[in-house]
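> Structure incoming, see below.
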Amino acid sequence: MAHTRTEPASATAAPSSAASSAPSASSRRSATAGDRLLLDTARHSAARAAALCLLAVASTGAALLLPLALGHTVDLLLARRGPDAGRWVGLCALLVAGPALLDAATELLTGTTAARATARLRHRILGHVLAAGPRAAGRFPPGDLVTRAVGNAADTGTAPATLAHAAASVVGPLGGIVALGLIDPWLAVAFLAGAPLLAALLRAFTRASTDCVARYQQLQGDIAGRLVEALGGARTIAAAGTTAREHARILGPLPELSRQGHRMWHVQGRSTAQAGTLVPLLQIAVLAVAGLRLSQGLLSVGDLLAASRYAVLATGVGMLVGHLNAAVRARAAAGRVAEVLGVPQLPYGEQRLPAGPGTLELRGVSVVRGGRTVLHDVTVTVPGGTSLAVVGRSGSGKSVLAEVAGRLADPDTGTVLLDGAPLPGLRRHDLRRAVGYAFARPALLGGTVGGTIAFGAFTPGREACEDAARAACAHDFLRRLPQGYDTPCTDAPLSGGETQRLGLARAFAHAGRVLILDDATSSLDTATERRVSAALHAPGPSSPTRVIVAHRPATAATADHVLWIEEGRPKAVSRHADLWHDPQYRAVFHA
């Protein structure tokens, strides 16, 4: 039986204030989740990041010692102390060669660290998307999802190395300031007088670049999503003669992408120009004070040389700006990756599936997609071994019902049970062996056409695969392929109907207690559909329970009962012959 429930008006009307604040709240949640992901990525690569930091600090330490050694060498040479000067010249050569070797090791470790972190993130994204099921695929366009898993994951993967380099790059300026103070405290005072302006410059750069980088990455994903859509509909575009229009649609976000790109370069260029003005002024101030102290006899020529080098190290803004820019990109990318990882997965329980004939029950099932309720309080029972056709106009929620019936997705309210056991409580292995699926556009997975039939929670034998192919009217054309069932999918030019028959064969080979067909015969000709339907409804001691999304009267007529859905609400559950007297029911098929 089926019944409906009236939805209260408040369920569909949201307060305007909440709606207006949603984007900013969503952005804040994304940023927070992205920061957590960055920290997790950094923790996972902590050992490598620490090694990177030590290598960078060692290189910076050598750079800090070099001015001191050079200054002392100059003083020795001016004092004509040749033997002592020779040893110090050798030390200077070592301090020049050492950082070069350390930098080479740093570059190698930086690349491997980023590659490992990126690979881990991509594996995590892939596993999460597959575990989340249709909700993840429905929330993000395919092209955008690929952009997040490829480009944004790569940017996020640079975070451990970037943070290590950023931490090490602070050592140079701090060491330079300390060294200036050790040479003469007034040199450090001269530099620190302009340090607040330098800090303000770095902060302004970080804040200005964060927004444009995030927007730039979002637009990249949008263009990728439009491109993948166009590739999927290439034949339709060619047939309609809308190539130019589609070209314009795909590249529609390009002007905004260009604007954000120019904005990024403007921010970076402005910061570089400001730093290019401020840094020399600080260096000149330090050298002016050093020259004054030299004229007073308080500094040597070597001290002046060392002070000039330390002033350069203390104003190492260029490196800091570069690392900050990489960190900003990594943080923005992490926010986009975190949005994918934030899609809830389907949790599975530990309960074993109890024995039973495959009775499927939906109790008060409602589903919300994109803020719209697409299924309203559906209650229906399909006795074990019987068939139920799901009928309704396009967009009425038939495919969504097929998703929740086999737990490709969970309903927002209500419960789905198989032989009295709620589906969320069942073990993954038990549920996936018990429920088989066939879709309108099946994916050809498994490498070969025979592997596609065998692809599933368990691997049936060759004989079982061939029997399933016969039932799906696929055996004859599969035998005619160059290598028969061992023909690679890429070498098997299949029509839409043949692809559907291959998907049906896969479902028949893995039919457990329940078999769900979501418009899986829409591309079959009438005669083939009749033969497949006969095999599907053939009586037997272990016939599965069948849920069939139907668009043809003949398909609905072969089912034991029909669930008629209208605008997501169950309108009636009865036999097709009884419902056929209703003009509105007939109009569903005629439409």
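We name chains A, B, ... following the order of the structure tokens; residues begin at 1 in each chain, and ligands are numbered from 1 as shown.
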Env of Pro173 in chain A: 10 Å cut, atoms = only C-alpha atoms, seq-sep filter 2 positions within chain, self excluded. Answer as a list in words.
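So, after excluding close chain neighbours, the residues are Thr60, Leu64, Ala168, Ser169, Val170, Val171, Gly175, Gly176, Ile177, Val178, Ala179, Tyr310, Ala311, Val312, Leu313, Ala314, Thr315, Gly316, Val317 and Leu320 of chain A.
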> Please report, as a tab-separated table, each residue of range 327-432 of chain A lying at most 9 Å from range 35-54 of chain A, together with the nearest pair of atoms and the separation in Å rounded to one decimal; use only C-alpha atoms, and order rows by chain and ascending residue number.

```
residue	atom	partner	partner_atom	distance
A:Ala330	CA	A:Leu38	CA	8.0
A:Arg331	CA	A:Asp35	CA	6.7
A:Ala334	CA	A:Leu38	CA	6.4
A:Gly335	CA	A:Asp35	CA	7.3
A:Val337	CA	A:Leu37	CA	8.4
A:Ala338	CA	A:Leu37	CA	6.7
```
> Contacts of range 107-117 of chain A at 6 Å or less, counting only C-alpha atoms, minus same-chain residues fewer than 6 places along, as a PyMOL selection string?
chain A and resi 157-158+161
> Write the selection just made, keeping N, CA and C atoms, as a compact mmCIF listing (two decimals), in the first residue's frame?

```
# COMPACT_ATOMS: atom_id res chain seq x y z
N GLY A 157 48.79 19.52 -2.14
CA GLY A 157 49.91 18.65 -1.82
C GLY A 157 51.22 19.38 -1.64
N THR A 158 51.32 20.61 -2.13
CA THR A 158 52.54 21.39 -1.93
C THR A 158 52.61 22.00 -0.53
N ALA A 161 55.68 21.06 2.00
CA ALA A 161 56.95 21.65 1.59
C ALA A 161 56.90 23.17 1.68
```
> For Arg215 in chain A, which residue out of A:Val343, A:Leu444, A:Ala409, A:Ala332 is the nearest one, using only C-alpha atoms?
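Closest candidate: A:Ala332.
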> Which residues come within 12 Å of Leu91 in chain A, counting only C-alpha atoms, excluding same-chain residues fewer than 3 positions away, as a PDB file with N, CA and C atoms, in the first residue's frame?

```
ATOM      1  N   ALA A  62      74.511  28.610   6.528  1.00  0.00           N
ATOM      2  CA  ALA A  62      75.748  28.842   5.772  1.00  0.00           C
ATOM      3  C   ALA A  62      75.750  30.240   5.146  1.00  0.00           C
ATOM      4  N   LEU A  65      76.657  32.686   7.770  1.00  0.00           N
ATOM      5  CA  LEU A  65      78.075  32.675   8.157  1.00  0.00           C
ATOM      6  C   LEU A  65      78.971  33.278   7.083  1.00  0.00           C
ATOM      7  N   LEU A  66      78.515  33.218   5.826  1.00  0.00           N
ATOM      8  CA  LEU A  66      79.355  33.685   4.720  1.00  0.00           C
ATOM      9  C   LEU A  66      79.748  35.160   4.840  1.00  0.00           C
ATOM     10  N   PRO A  67      78.814  36.094   5.137  1.00  0.00           N
ATOM     11  CA  PRO A  67      79.234  37.502   5.262  1.00  0.00           C
ATOM     12  C   PRO A  67      80.270  37.702   6.361  1.00  0.00           C
ATOM     13  N   LEU A  68      80.091  36.989   7.486  1.00  0.00           N
ATOM     14  CA  LEU A  68      81.058  37.101   8.574  1.00  0.00           C
ATOM     15  C   LEU A  68      82.439  36.633   8.115  1.00  0.00           C
ATOM     16  N   ALA A  69      82.436  35.474   7.414  1.00  0.00           N
ATOM     17  CA  ALA A  69      83.710  34.941   6.936  1.00  0.00           C
ATOM     18  C   ALA A  69      84.337  35.870   5.893  1.00  0.00           C
ATOM     19  N   LEU A  70      83.518  36.387   4.979  1.00  0.00           N
ATOM     20  CA  LEU A  70      84.045  37.314   3.973  1.00  0.00           C
ATOM     21  C   LEU A  70      84.619  38.576   4.612  1.00  0.00           C
ATOM     22  N   HIS A  72      85.766  38.970   7.654  1.00  0.00           N
ATOM     23  CA  HIS A  72      87.006  38.698   8.366  1.00  0.00           C
ATOM     24  C   HIS A  72      88.145  38.440   7.384  1.00  0.00           C
ATOM     25  N   THR A  73      87.859  37.794   6.268  1.00  0.00           N
ATOM     26  CA  THR A  73      88.885  37.538   5.250  1.00  0.00           C
ATOM     27  C   THR A  73      89.416  38.853   4.691  1.00  0.00           C
ATOM     28  N   ASP A  84      96.835  33.246   7.466  1.00  0.00           N
ATOM     29  CA  ASP A  84      95.506  33.193   8.095  1.00  0.00           C
ATOM     30  C   ASP A  84      94.413  33.481   7.060  1.00  0.00           C
ATOM     31  N   ALA A  85      94.661  34.406   6.169  1.00  0.00           N
ATOM     32  CA  ALA A  85      93.661  34.750   5.149  1.00  0.00           C
ATOM     33  C   ALA A  85      93.391  33.565   4.227  1.00  0.00           C
ATOM     34  N   GLY A  86      94.418  32.760   3.914  1.00  0.00           N
ATOM     35  CA  GLY A  86      94.223  31.596   3.041  1.00  0.00           C
ATOM     36  C   GLY A  86      93.237  30.607   3.631  1.00  0.00           C
ATOM     37  N   ARG A  87      93.354  30.364   4.942  1.00  0.00           N
ATOM     38  CA  ARG A  87      92.411  29.443   5.587  1.00  0.00           C
ATOM     39  C   ARG A  87      90.994  29.985   5.536  1.00  0.00           C
ATOM     40  N   TRP A  88      90.871  31.287   5.699  1.00  0.00           N
ATOM     41  CA  TRP A  88      89.520  31.875   5.674  1.00  0.00           C
ATOM     42  C   TRP A  88      88.955  31.917   4.248  1.00  0.00           C
ATOM     43  N   LEU A  94      83.990  26.924   0.983  1.00  0.00           N
ATOM     44  CA  LEU A  94      83.136  25.863   1.527  1.00  0.00           C
ATOM     45  C   LEU A  94      81.729  26.376   1.812  1.00  0.00           C
ATOM     46  N   LEU A  95      81.637  27.604   2.313  1.00  0.00           N
ATOM     47  CA  LEU A  95      80.317  28.175   2.612  1.00  0.00           C
ATOM     48  C   LEU A  95      79.544  28.526   1.341  1.00  0.00           C
ATOM     49  N   VAL A  96      80.221  28.654   0.215  1.00  0.00           N
ATOM     50  CA  VAL A  96      79.544  28.884  -1.059  1.00  0.00           C
ATOM     51  C   VAL A  96      79.095  27.559  -1.663  1.00  0.00           C
ATOM     52  N   ALA A  97      79.984  26.528  -1.614  1.00  0.00           N
ATOM     53  CA  ALA A  97      79.658  25.233  -2.222  1.00  0.00           C
ATOM     54  C   ALA A  97      78.642  24.458  -1.390  1.00  0.00           C
ATOM     55  N   GLY A  98      78.725  24.560  -0.075  1.00  0.00           N
ATOM     56  CA  GLY A  98      77.822  23.799   0.797  1.00  0.00           C
ATOM     57  C   GLY A  98      76.351  24.088   0.542  1.00  0.00           C
TER      58      GLY A  98
END
```
> Nearest residue to Leu278 in chain A out of A:Leu515, A:Leu227, A:Ala492, A:Ala193, using only C-alpha atoms?
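Of A:Leu515, A:Leu227, A:Ala492, A:Ala193, the one nearest Leu278 in chain A, counting only C-alpha atoms, is A:Ala193.
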> To one decimal place, how far is CA of Val213 in chain A from CA of His266 in chain A in Å?
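Rounded to one decimal, the two atoms are 12.1 Å apart.
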> Would you list the contacts of Val146 in chain A as an MDAnalysis selection string, taking every protein, DNA or RNA residue within 9 Å and counting only C-alpha atoms, but skipping same-chain residues closer than 4 positions in sequence?
chainID A and resid 141:142 150:151 221 224:225
> Distance CA of Gly512 in chain A-CA of Arg546 in chain A, one decimal place?
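Pair CA of Gly512 in chain A / CA of Arg546 in chain A returns 10.3 Å.
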> Could you make a table, as JSON lines, of the residues of range 541-575 of chain A that have an atom within 12 Å of an atom of range 365-371 of chain A, each with its nearest atom pair and distance in Å to one decimal, counting only C-alpha atoms, in chain and number order?

```
{"residue": "A:Gly568", "atom": "CA", "partner": "A:Ser366", "partner_atom": "CA", "distance": 8.7}
{"residue": "A:Arg569", "atom": "CA", "partner": "A:Ser366", "partner_atom": "CA", "distance": 9.3}
{"residue": "A:Pro570", "atom": "CA", "partner": "A:Val365", "partner_atom": "CA", "distance": 10.6}
```
> Each residue of range 470-525 of chain A lying at most 6 Å from range 449-461 of chain A should get a row with its shortest atom-to-atom pair and the distance in Å to one decimal, counting only C-alpha atoms; could you produce that, ordered by chain and increasing number, as a Markdown table?

```
| residue | atom | partner | partner_atom | distance |
| --- | --- | --- | --- | --- |
| A:Tyr485 | CA | A:Gly450 | CA | 4.5 |
| A:Asp486 | CA | A:Gly450 | CA | 5.9 |
| A:Cys489 | CA | A:Val449 | CA | 5.5 |
| A:Ala505 | CA | A:Ile453 | CA | 5.9 |
| A:Arg506 | CA | A:Ile453 | CA | 4.0 |
```
> Please save N, CA and C atoms of the selected residues as a CSV table (one decimal), in the first residue's frame.

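Output below, filename selection27.csv:
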```
chain,number,residue,atom,x,y,z
A,485,TYR,N,34.2,-13.1,-25.7
A,485,TYR,CA,34.0,-12.5,-24.3
A,485,TYR,C,35.3,-11.9,-23.8
A,486,ASP,N,36.4,-12.2,-24.5
A,486,ASP,CA,37.7,-11.6,-24.0
A,486,ASP,C,38.1,-10.4,-24.8
A,489,CYS,N,37.0,-3.8,-24.0
A,489,CYS,CA,35.9,-2.9,-24.2
A,489,CYS,C,36.2,-1.8,-25.2
A,505,ALA,N,23.1,-8.0,-18.6
A,505,ALA,CA,23.8,-9.2,-18.3
A,505,ALA,C,24.6,-9.2,-17.0
A,506,ARG,N,25.2,-8.1,-16.8
A,506,ARG,CA,26.0,-7.9,-15.5
A,506,ARG,C,25.0,-8.0,-14.3
```
> What's around Ala288 in chain A at 12 Å? Count only C-alpha atoms, leave out sequence neighbours fewer than 5 positions away in its own chain, and write the answer as an MDAnalysis selection string.
chainID A and resid 186:187 190:191 280:283 293:295 304 307:308 311
> Since we have the selection now, will you write its residues out, keeping C-alpha atoms, as a JSON list (two decimals), in the first residue's frame?

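part21.json written:
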```
[["chain", "number", "residue", "atom", "x", "y", "z"],
["A", 186, "TRP", "CA", 72.62, 50.70, 15.85],
["A", 187, "LEU", "CA", 72.57, 48.76, 12.59],
["A", 190, "ALA", "CA", 68.15, 51.27, 11.70],
["A", 191, "PHE", "CA", 66.67, 48.20, 10.08],
["A", 280, "PRO", "CA", 66.60, 49.24, -0.95],
["A", 281, "LEU", "CA", 65.65, 52.06, 1.44],
["A", 282, "LEU", "CA", 66.18, 49.75, 4.41],
["A", 283, "GLN", "CA", 69.47, 48.55, 2.99],
["A", 293, "ARG", "CA", 80.22, 54.06, 12.40],
["A", 294, "LEU", "CA", 83.15, 53.22, 10.09],
["A", 295, "SER", "CA", 84.09, 56.91, 9.87],
["A", 304, "LEU", "CA", 80.92, 47.13, 6.65],
["A", 307, "ALA", "CA", 76.68, 44.51, 7.31],
["A", 308, "SER", "CA", 75.84, 45.03, 3.64],
["A", 311, "ALA", "CA", 71.06, 43.83, 5.30]]
```
> Using only C-alpha atoms, can you tell me which of A:Ile548, A:Ile125, A:Ile565, A:Val404 comes closest to Thr147 in chain A?
A:Ile125
> Could you check the closest approach to Gly302 in chain A for each of A:Asp578, A:Asp75, A:Asp410, A:Asp519 and tell me which residue wins, using only C-alpha atoms?
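That would be A:Asp75, the residue with the smallest distance to Gly302 in chain A.
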> Could you pull out all residues of range 341-434 of chain A with a DSSP call of helix (DSSP H, G or I) and give them as a ChimeraX atom specification?
/A:341,398-405,423-425,428-434
> If we count only C-alpha atoms and set the cut-off at 6 Å, which residues sit around Val390 in chain A, ignoring sequence neighbours fewer than 4 positions away in its own chain? Please answer as a VMD selection string.
chain A and resid 548 to 550 562 to 563
> Using only N, CA and C atoms, please write the residues we just selected to a file, as a JSON list (two decimals), in the first residue's frame.

```json
[["chain", "number", "residue", "atom", "x", "y", "z"],
["A", 548, "ILE", "N", 11.45, -2.15, -11.23],
["A", 548, "ILE", "CA", 11.74, -1.77, -12.61],
["A", 548, "ILE", "C", 11.19, -0.38, -12.87],
["A", 549, "VAL", "N", 12.08, 0.56, -13.16],
["A", 549, "VAL", "CA", 11.64, 1.89, -13.60],
["A", 549, "VAL", "C", 11.21, 1.76, -15.05],
["A", 550, "ALA", "N", 9.93, 1.99, -15.31],
["A", 550, "ALA", "CA", 9.34, 1.70, -16.62],
["A", 550, "ALA", "C", 8.86, 2.96, -17.31],
["A", 562, "VAL", "N", 2.23, -2.03, -9.92],
["A", 562, "VAL", "CA", 2.78, -0.77, -10.41],
["A", 562, "VAL", "C", 2.68, 0.28, -9.31],
["A", 563, "LEU", "N", 3.80, 0.98, -9.07],
["A", 563, "LEU", "CA", 3.80, 2.15, -8.19],
["A", 563, "LEU", "C", 3.78, 3.37, -9.09]]
```
> Where does DSSP see strand (DSSP E) in range 312-461 of chain A, if you list the residues as a PyMOL selection string?
chain A and resi 360-369+372-382+387-391+413-418+421-422+435-439
> Next, the residues of the selection above should be written as an mmCIF file, in the first residue's frame with C-alpha atoms.

```
data_model
loop_
_atom_site.group_PDB
_atom_site.id
_atom_site.type_symbol
_atom_site.label_atom_id
_atom_site.label_comp_id
_atom_site.auth_asym_id
_atom_site.auth_seq_id
_atom_site.Cartn_x
_atom_site.Cartn_y
_atom_site.Cartn_z
ATOM 1 C CA LEU A 360 11.680 -4.965 0.112
ATOM 2 C CA GLU A 361 9.942 -2.272 2.166
ATOM 3 C CA LEU A 362 10.011 1.504 1.892
ATOM 4 C CA ARG A 363 8.480 3.195 4.924
ATOM 5 C CA GLY A 364 7.790 6.933 4.816
ATOM 6 C CA VAL A 365 10.729 7.600 2.487
ATOM 7 C CA SER A 366 11.410 11.232 1.554
ATOM 8 C CA VAL A 367 14.420 12.572 -0.330
ATOM 9 C CA VAL A 368 15.596 16.181 -0.700
ATOM 10 C CA ARG A 369 17.930 17.191 -3.532
ATOM 11 C CA ARG A 372 13.757 20.472 -3.282
ATOM 12 C CA THR A 373 11.854 17.440 -2.016
ATOM 13 C CA VAL A 374 11.912 14.955 -4.907
ATOM 14 C CA LEU A 375 10.261 12.055 -3.040
ATOM 15 C CA HIS A 376 7.435 12.672 -0.574
ATOM 16 C CA ASP A 377 6.624 10.054 2.076
ATOM 17 C CA VAL A 378 6.700 6.924 -0.091
ATOM 18 C CA THR A 379 5.540 3.749 1.601
ATOM 19 C CA VAL A 380 5.385 0.526 -0.402
ATOM 20 C CA THR A 381 6.114 -3.172 0.144
ATOM 21 C CA VAL A 382 7.384 -5.502 -2.583
ATOM 22 C CA SER A 387 8.048 -7.409 -9.384
ATOM 23 C CA LEU A 388 7.149 -3.742 -9.002
ATOM 24 C CA ALA A 389 7.142 -1.304 -11.922
ATOM 25 C CA VAL A 390 7.739 2.339 -10.990
ATOM 26 C CA VAL A 391 5.890 4.640 -13.363
ATOM 27 C CA THR A 413 13.597 10.633 6.242
ATOM 28 C CA GLY A 414 12.075 7.192 6.380
ATOM 29 C CA THR A 415 13.513 3.678 6.275
ATOM 30 C CA VAL A 416 14.245 1.030 3.647
ATOM 31 C CA LEU A 417 14.249 -2.605 4.802
ATOM 32 C CA LEU A 418 15.235 -5.876 3.152
ATOM 33 C CA ALA A 421 16.535 -5.519 8.222
ATOM 34 C CA PRO A 422 17.144 -1.751 7.777
ATOM 35 C CA VAL A 435 21.137 -6.138 -4.550
ATOM 36 C CA GLY A 436 21.881 -5.978 -8.284
ATOM 37 C CA TYR A 437 21.487 -2.933 -10.531
ATOM 38 C CA ALA A 438 21.134 -2.183 -14.239
ATOM 39 C CA PHE A 439 21.096 1.384 -15.579
#
```
